[in-house]
Amino acid sequence: MPSTNEQCPVTNEPAQQAPSSAGDFAEFTCPTCGRFRVARSAIQQLSEMPEELSIDALAKAKKRAEIDGDEVPVIRSFDLVLS
Ligand SMILES: [Zn+2]
């Protein structure tokens with residue numbers, strides 16, 4: 001199975017999407033953002049947001065992963081809500 005070439009939904013750069021992405025999340029590896037997951041329900045909205053807001057959402061997910069001790073940050077729909 002070739003790994004698909006996808007766009008990073010945060011920075012819109014070419015990024016790798018893990019072919020094994022399954023379930024409710026898609027996993028991306030981006031040269032700028034690193035490795036992260038996005039809830040499927042949030043991908044489209046994330047990719048349509050202005051980049052600075054997407055980066056902010058990723059930053060929230062990274063901070064939460066740090067606190068929770070998760071290996072991979074997960075961007076969820078509620079991270080896209082402006083605070
Ligand atoms: Zn990116």
# chains A, B, ... in the order shown; residues from 1 in each chain; ligands from 1
$ closest_atom_pairs --of "chain A" --to "ligand 1" --cutoff "6 Å" --atoms "only C-alpha atoms and all ligand atoms" --output "tab-separated table"
residue	atom	partner	partner_atom_place_in_ligand_line	distance
A:Cys8	CA	ligand 1	1 (Zn)	4.6
A:Val10	CA	ligand 1	1 (Zn)	4.9
A:Thr11	CA	ligand 1	1 (Zn)	4.1
A:Glu13	CA	ligand 1	1 (Zn)	5.8
A:Cys30	CA	ligand 1	1 (Zn)	4.7
A:Thr32	CA	ligand 1	1 (Zn)	5.0
A:Cys33	CA	ligand 1	1 (Zn)	4.3
$ closest_residue --among "A:Ala18, A:Arg76, A:Gly23, A:Ser41" --to "Lys60 in chain A" --atoms "only C-alpha atoms"
A:Arg76
$ residues_around --residues "Val74 in chain A" --least-positions-apart "4" --cutoff "7 Å" --atoms "only C-alpha atoms" --output "NGL selection string"
:A and (36-38 or 61)
$ write_last_selection --atoms "C-alpha atoms" --output "short mmCIF file (atom, residue, chain, number, x, y, z; two decimals), in the first residue's frame"
data_model
loop_
_atom_site.label_atom_id
_atom_site.label_comp_id
_atom_site.auth_asym_id
_atom_site.auth_seq_id
_atom_site.Cartn_x
_atom_site.Cartn_y
_atom_site.Cartn_z
CA PHE A 36 -0.66 14.82 14.59
CA ARG A 37 -4.17 13.48 14.22
CA VAL A 38 -7.35 15.24 13.25
CA ALA A 61 -3.92 20.03 20.71
#
$ residues_around --residues "Glu51 in chain A" --least-positions-apart "5" --cutoff "10 Å" --atoms "only C-alpha atoms" --output "ChimeraX atom specification"
/A:9-12,46,56-57
$ write_last_selection --atoms "N, CA and C atoms" --output "compact mmCIF listing (two decimals), in the first residue's frame"
# COMPACT_ATOMS: atom_id res chain seq x y z
N PRO A 9 -3.76 19.74 6.67
CA PRO A 9 -4.94 20.59 6.85
C PRO A 9 -4.64 21.85 7.66
N VAL A 10 -3.46 21.92 8.25
CA VAL A 10 -3.10 23.10 9.03
C VAL A 10 -2.36 24.12 8.16
N THR A 11 -1.28 23.69 7.53
CA THR A 11 -0.44 24.63 6.78
C THR A 11 -0.59 24.47 5.27
N ASN A 12 -1.40 23.50 4.83
CA ASN A 12 -1.64 23.24 3.41
C ASN A 12 -0.37 22.91 2.63
N LEU A 46 -10.96 22.57 9.33
CA LEU A 46 -9.57 22.95 9.63
C LEU A 46 -8.86 23.42 8.37
N ASP A 56 -3.14 27.75 15.59
CA ASP A 56 -3.57 27.93 16.98
C ASP A 56 -4.28 26.66 17.49
N ALA A 57 -5.11 26.08 16.63
CA ALA A 57 -5.80 24.84 17.01
C ALA A 57 -4.80 23.71 17.25
$ closest_residue --among "A:Ser54, A:Thr29, A:Ser77, A:Gln45" --to "Gln16 in chain A" --atoms "only C-alpha atoms"
A:Thr29
$ select_by_dssp --residues "chain A" --states "alpha helix (DSSP H)" --output "list of chain:residue names"
A:Arg40, A:Ser41, A:Ala42, A:Ile43, A:Gln44, A:Gln45, A:Leu46, A:Ser47, A:Glu48, A:Glu51, A:Glu52, A:Leu53, A:Ser54, A:Ile55, A:Asp56, A:Ala57, A:Leu58, A:Ala59, A:Lys60, A:Ala61, A:Lys62, A:Lys63, A:Arg64, A:Ala65, A:Glu66, A:Ile67, A:Asp68
$ write_last_selection --atoms "N, CA and C atoms" --output "compact mmCIF listing (two decimals), in the first residue's frame"
# COMPACT_ATOMS: atom_id res chain seq x y z
N ARG A 40 -12.03 13.27 12.05
CA ARG A 40 -12.55 13.36 10.69
C ARG A 40 -13.59 14.47 10.55
N SER A 41 -14.34 14.68 11.59
CA SER A 41 -15.36 15.71 11.54
C SER A 41 -14.77 17.11 11.50
N ALA A 42 -13.48 17.22 11.80
CA ALA A 42 -12.85 18.55 11.88
C ALA A 42 -11.95 18.84 10.68
N ILE A 43 -11.66 17.84 9.85
CA ILE A 43 -10.65 18.03 8.79
C ILE A 43 -11.04 19.14 7.82
N GLN A 44 -12.27 19.08 7.33
CA GLN A 44 -12.63 20.05 6.30
C GLN A 44 -12.61 21.47 6.84
N GLN A 45 -13.19 21.64 8.01
CA GLN A 45 -13.22 22.98 8.60
C GLN A 45 -11.80 23.47 8.85
N LEU A 46 -10.96 22.57 9.33
CA LEU A 46 -9.57 22.95 9.63
C LEU A 46 -8.86 23.42 8.37
N SER A 47 -9.06 22.71 7.27
CA SER A 47 -8.34 23.06 6.05
C SER A 47 -8.87 24.34 5.42
N GLU A 48 -10.06 24.74 5.80
CA GLU A 48 -10.64 25.97 5.24
C GLU A 48 -10.38 27.19 6.12
N GLU A 51 -4.72 30.14 8.08
CA GLU A 51 -3.62 29.33 8.61
C GLU A 51 -3.31 29.66 10.06
N GLU A 52 -3.36 30.94 10.42
CA GLU A 52 -2.97 31.28 11.79
C GLU A 52 -3.95 30.67 12.80
N LEU A 53 -5.21 30.53 12.41
CA LEU A 53 -6.18 29.91 13.33
C LEU A 53 -5.98 28.39 13.39
N SER A 54 -5.61 27.80 12.25
CA SER A 54 -5.33 26.36 12.25
C SER A 54 -4.12 26.05 13.12
N ILE A 55 -3.11 26.90 13.00
CA ILE A 55 -1.90 26.70 13.81
C ILE A 55 -2.24 26.84 15.29
N ASP A 56 -3.14 27.75 15.59
CA ASP A 56 -3.57 27.93 16.98
C ASP A 56 -4.28 26.66 17.49
N ALA A 57 -5.11 26.08 16.63
CA ALA A 57 -5.80 24.84 17.01
C ALA A 57 -4.80 23.71 17.25
N LEU A 58 -3.78 23.63 16.39
CA LEU A 58 -2.75 22.61 16.57
C LEU A 58 -1.99 22.84 17.87
N ALA A 59 -1.72 24.10 18.17
CA ALA A 59 -1.01 24.42 19.41
C ALA A 59 -1.81 23.97 20.63
N LYS A 60 -3.13 24.16 20.57
CA LYS A 60 -3.98 23.71 21.67
C LYS A 60 -3.91 22.19 21.82
N ALA A 61 -3.96 21.50 20.68
CA ALA A 61 -3.92 20.03 20.71
C ALA A 61 -2.58 19.55 21.25
N LYS A 62 -1.50 20.24 20.87
CA LYS A 62 -0.17 19.83 21.35
C LYS A 62 -0.05 20.04 22.85
N LYS A 63 -0.59 21.16 23.32
CA LYS A 63 -0.53 21.44 24.75
C LYS A 63 -1.32 20.39 25.53
N ARG A 64 -2.50 20.03 25.00
CA ARG A 64 -3.33 19.03 25.68
C ARG A 64 -2.63 17.67 25.71
N ALA A 65 -1.97 17.32 24.59
CA ALA A 65 -1.25 16.04 24.54
C ALA A 65 -0.13 16.01 25.57
N GLU A 66 0.51 17.16 25.75
CA GLU A 66 1.58 17.25 26.74
C GLU A 66 1.03 17.00 28.15
N ILE A 67 -0.09 17.63 28.43
CA ILE A 67 -0.69 17.50 29.75
C ILE A 67 -1.16 16.07 29.99
N ASP A 68 -1.79 15.49 28.95
CA ASP A 68 -2.37 14.15 29.09
C ASP A 68 -1.33 13.04 28.93
$ select_by_dssp --residues "chain A" --states "strand (DSSP E)" --output "PyMOL selection string"
chain A and resi 4-7+14-17+25-30+34-39+74-75
$ closest_residue --among "A:Gln17, A:Gly69, A:Glu6, A:Phe78" --to "Arg35 in chain A" --atoms "only C-alpha atoms"
A:Gln17
$ atom_distance --atom1 "CA of Val81 in chain A" --atom2 "CA of Pro14 in chain A"
25.0 Å
$ closest_residue --among "A:Asp24, A:Ala39, A:Met49, A:Gln7" --to "Pro73 in chain A" --atoms "only C-alpha atoms"
A:Ala39
$ decode --residues "range 30-65 of chain A" --atoms "N, CA and C atoms" --output "PDB file, in the first residue's frame"
ATOM      1  N   CYS A  30       3.590  16.209   8.824  1.00  0.00           N
ATOM      2  CA  CYS A  30       3.879  17.413   8.048  1.00  0.00           C
ATOM      3  C   CYS A  30       5.261  17.909   8.434  1.00  0.00           C
ATOM      4  N   PRO A  31       6.046  18.395   7.457  1.00  0.00           N
ATOM      5  CA  PRO A  31       7.395  18.884   7.791  1.00  0.00           C
ATOM      6  C   PRO A  31       7.376  20.044   8.786  1.00  0.00           C
ATOM      7  N   THR A  32       6.330  20.825   8.776  1.00  0.00           N
ATOM      8  CA  THR A  32       6.247  21.962   9.698  1.00  0.00           C
ATOM      9  C   THR A  32       5.546  21.604  10.996  1.00  0.00           C
ATOM     10  N   CYS A  33       4.420  20.887  10.881  1.00  0.00           N
ATOM     11  CA  CYS A  33       3.581  20.640  12.058  1.00  0.00           C
ATOM     12  C   CYS A  33       3.986  19.391  12.808  1.00  0.00           C
ATOM     13  N   GLY A  34       4.741  18.518  12.185  1.00  0.00           N
ATOM     14  CA  GLY A  34       5.073  17.253  12.835  1.00  0.00           C
ATOM     15  C   GLY A  34       3.944  16.247  12.666  1.00  0.00           C
ATOM     16  N   ARG A  35       3.890  15.300  13.602  1.00  0.00           N
ATOM     17  CA  ARG A  35       2.901  14.236  13.525  1.00  0.00           C
ATOM     18  C   ARG A  35       1.707  14.602  14.392  1.00  0.00           C
ATOM     19  N   PHE A  36       0.541  14.505  13.820  1.00  0.00           N
ATOM     20  CA  PHE A  36      -0.658  14.824  14.591  1.00  0.00           C
ATOM     21  C   PHE A  36      -1.851  14.124  13.965  1.00  0.00           C
ATOM     22  N   ARG A  37      -2.930  14.085  14.710  1.00  0.00           N
ATOM     23  CA  ARG A  37      -4.169  13.480  14.216  1.00  0.00           C
ATOM     24  C   ARG A  37      -5.268  14.534  14.220  1.00  0.00           C
ATOM     25  N   VAL A  38      -6.214  14.327  13.337  1.00  0.00           N
ATOM     26  CA  VAL A  38      -7.352  15.237  13.253  1.00  0.00           C
ATOM     27  C   VAL A  38      -8.629  14.408  13.233  1.00  0.00           C
ATOM     28  N   ALA A  39      -9.580  14.801  14.053  1.00  0.00           N
ATOM     29  CA  ALA A  39     -10.886  14.156  14.010  1.00  0.00           C
ATOM     30  C   ALA A  39     -11.474  14.348  12.618  1.00  0.00           C
ATOM     31  N   ARG A  40     -12.033  13.270  12.053  1.00  0.00           N
ATOM     32  CA  ARG A  40     -12.553  13.362  10.690  1.00  0.00           C
ATOM     33  C   ARG A  40     -13.589  14.469  10.552  1.00  0.00           C
ATOM     34  N   SER A  41     -14.339  14.676  11.591  1.00  0.00           N
ATOM     35  CA  SER A  41     -15.365  15.713  11.544  1.00  0.00           C
ATOM     36  C   SER A  41     -14.772  17.112  11.502  1.00  0.00           C
ATOM     37  N   ALA A  42     -13.478  17.224  11.797  1.00  0.00           N
ATOM     38  CA  ALA A  42     -12.849  18.546  11.878  1.00  0.00           C
ATOM     39  C   ALA A  42     -11.953  18.845  10.683  1.00  0.00           C
ATOM     40  N   ILE A  43     -11.660  17.842   9.846  1.00  0.00           N
ATOM     41  CA  ILE A  43     -10.650  18.030   8.793  1.00  0.00           C
ATOM     42  C   ILE A  43     -11.044  19.136   7.817  1.00  0.00           C
ATOM     43  N   GLN A  44     -12.270  19.083   7.333  1.00  0.00           N
ATOM     44  CA  GLN A  44     -12.630  20.047   6.299  1.00  0.00           C
ATOM     45  C   GLN A  44     -12.613  21.473   6.840  1.00  0.00           C
ATOM     46  N   GLN A  45     -13.192  21.640   8.008  1.00  0.00           N
ATOM     47  CA  GLN A  45     -13.218  22.976   8.599  1.00  0.00           C
ATOM     48  C   GLN A  45     -11.797  23.473   8.855  1.00  0.00           C
ATOM     49  N   LEU A  46     -10.958  22.572   9.326  1.00  0.00           N
ATOM     50  CA  LEU A  46      -9.573  22.946   9.627  1.00  0.00           C
ATOM     51  C   LEU A  46      -8.858  23.416   8.370  1.00  0.00           C
ATOM     52  N   SER A  47      -9.058  22.707   7.269  1.00  0.00           N
ATOM     53  CA  SER A  47      -8.335  23.059   6.048  1.00  0.00           C
ATOM     54  C   SER A  47      -8.870  24.344   5.423  1.00  0.00           C
ATOM     55  N   GLU A  48     -10.057  24.741   5.800  1.00  0.00           N
ATOM     56  CA  GLU A  48     -10.639  25.970   5.240  1.00  0.00           C
ATOM     57  C   GLU A  48     -10.382  27.191   6.120  1.00  0.00           C
ATOM     58  N   MET A  49      -9.871  26.960   7.301  1.00  0.00           N
ATOM     59  CA  MET A  49      -9.616  28.077   8.206  1.00  0.00           C
ATOM     60  C   MET A  49      -8.369  28.839   7.783  1.00  0.00           C
ATOM     61  N   PRO A  50      -8.287  30.121   8.152  1.00  0.00           N
ATOM     62  CA  PRO A  50      -7.022  30.841   7.953  1.00  0.00           C
ATOM     63  C   PRO A  50      -5.896  30.115   8.684  1.00  0.00           C
ATOM     64  N   GLU A  51      -4.718  30.139   8.080  1.00  0.00           N
ATOM     65  CA  GLU A  51      -3.619  29.329   8.610  1.00  0.00           C
ATOM     66  C   GLU A  51      -3.313  29.661  10.061  1.00  0.00           C
ATOM     67  N   GLU A  52      -3.362  30.938  10.415  1.00  0.00           N
ATOM     68  CA  GLU A  52      -2.975  31.282  11.791  1.00  0.00           C
ATOM     69  C   GLU A  52      -3.947  30.669  12.801  1.00  0.00           C
ATOM     70  N   LEU A  53      -5.214  30.526  12.411  1.00  0.00           N
ATOM     71  CA  LEU A  53      -6.180  29.906  13.330  1.00  0.00           C
ATOM     72  C   LEU A  53      -5.975  28.393  13.390  1.00  0.00           C
ATOM     73  N   SER A  54      -5.615  27.802  12.254  1.00  0.00           N
ATOM     74  CA  SER A  54      -5.327  26.362  12.245  1.00  0.00           C
ATOM     75  C   SER A  54      -4.120  26.052  13.119  1.00  0.00           C
ATOM     76  N   ILE A  55      -3.108  26.901  13.005  1.00  0.00           N
ATOM     77  CA  ILE A  55      -1.901  26.701  13.812  1.00  0.00           C
ATOM     78  C   ILE A  55      -2.237  26.839  15.293  1.00  0.00           C
ATOM     79  N   ASP A  56      -3.138  27.747  15.592  1.00  0.00           N
ATOM     80  CA  ASP A  56      -3.574  27.930  16.977  1.00  0.00           C
ATOM     81  C   ASP A  56      -4.275  26.661  17.490  1.00  0.00           C
ATOM     82  N   ALA A  57      -5.107  26.076  16.632  1.00  0.00           N
ATOM     83  CA  ALA A  57      -5.804  24.837  17.014  1.00  0.00           C
ATOM     84  C   ALA A  57      -4.801  23.707  17.248  1.00  0.00           C
ATOM     85  N   LEU A  58      -3.781  23.632  16.394  1.00  0.00           N
ATOM     86  CA  LEU A  58      -2.755  22.607  16.570  1.00  0.00           C
ATOM     87  C   LEU A  58      -1.993  22.835  17.871  1.00  0.00           C
ATOM     88  N   ALA A  59      -1.719  24.097  18.167  1.00  0.00           N
ATOM     89  CA  ALA A  59      -1.005  24.417  19.411  1.00  0.00           C
ATOM     90  C   ALA A  59      -1.808  23.972  20.628  1.00  0.00           C
ATOM     91  N   LYS A  60      -3.131  24.161  20.565  1.00  0.00           N
ATOM     92  CA  LYS A  60      -3.983  23.707  21.675  1.00  0.00           C
ATOM     93  C   LYS A  60      -3.911  22.193  21.818  1.00  0.00           C
ATOM     94  N   ALA A  61      -3.962  21.495  20.677  1.00  0.00           N
ATOM     95  CA  ALA A  61      -3.917  20.032  20.710  1.00  0.00           C
ATOM     96  C   ALA A  61      -2.578  19.546  21.255  1.00  0.00           C
ATOM     97  N   LYS A  62      -1.503  20.239  20.874  1.00  0.00           N
ATOM     98  CA  LYS A  62      -0.173  19.832  21.355  1.00  0.00           C
ATOM     99  C   LYS A  62      -0.049  20.045  22.851  1.00  0.00           C
ATOM    100  N   LYS A  63      -0.591  21.155  23.322  1.00  0.00           N
ATOM    101  CA  LYS A  63      -0.526  21.435  24.750  1.00  0.00           C
ATOM    102  C   LYS A  63      -1.317  20.392  25.531  1.00  0.00           C
ATOM    103  N   ARG A  64      -2.496  20.025  25.003  1.00  0.00           N
ATOM    104  CA  ARG A  64      -3.331  19.028  25.683  1.00  0.00           C
ATOM    105  C   ARG A  64      -2.626  17.665  25.706  1.00  0.00           C
ATOM    106  N   ALA A  65      -1.965  17.320  24.591  1.00  0.00           N
ATOM    107  CA  ALA A  65      -1.248  16.037  24.536  1.00  0.00           C
ATOM    108  C   ALA A  65      -0.133  16.006  25.567  1.00  0.00           C
TER     109      ALA A  65
END
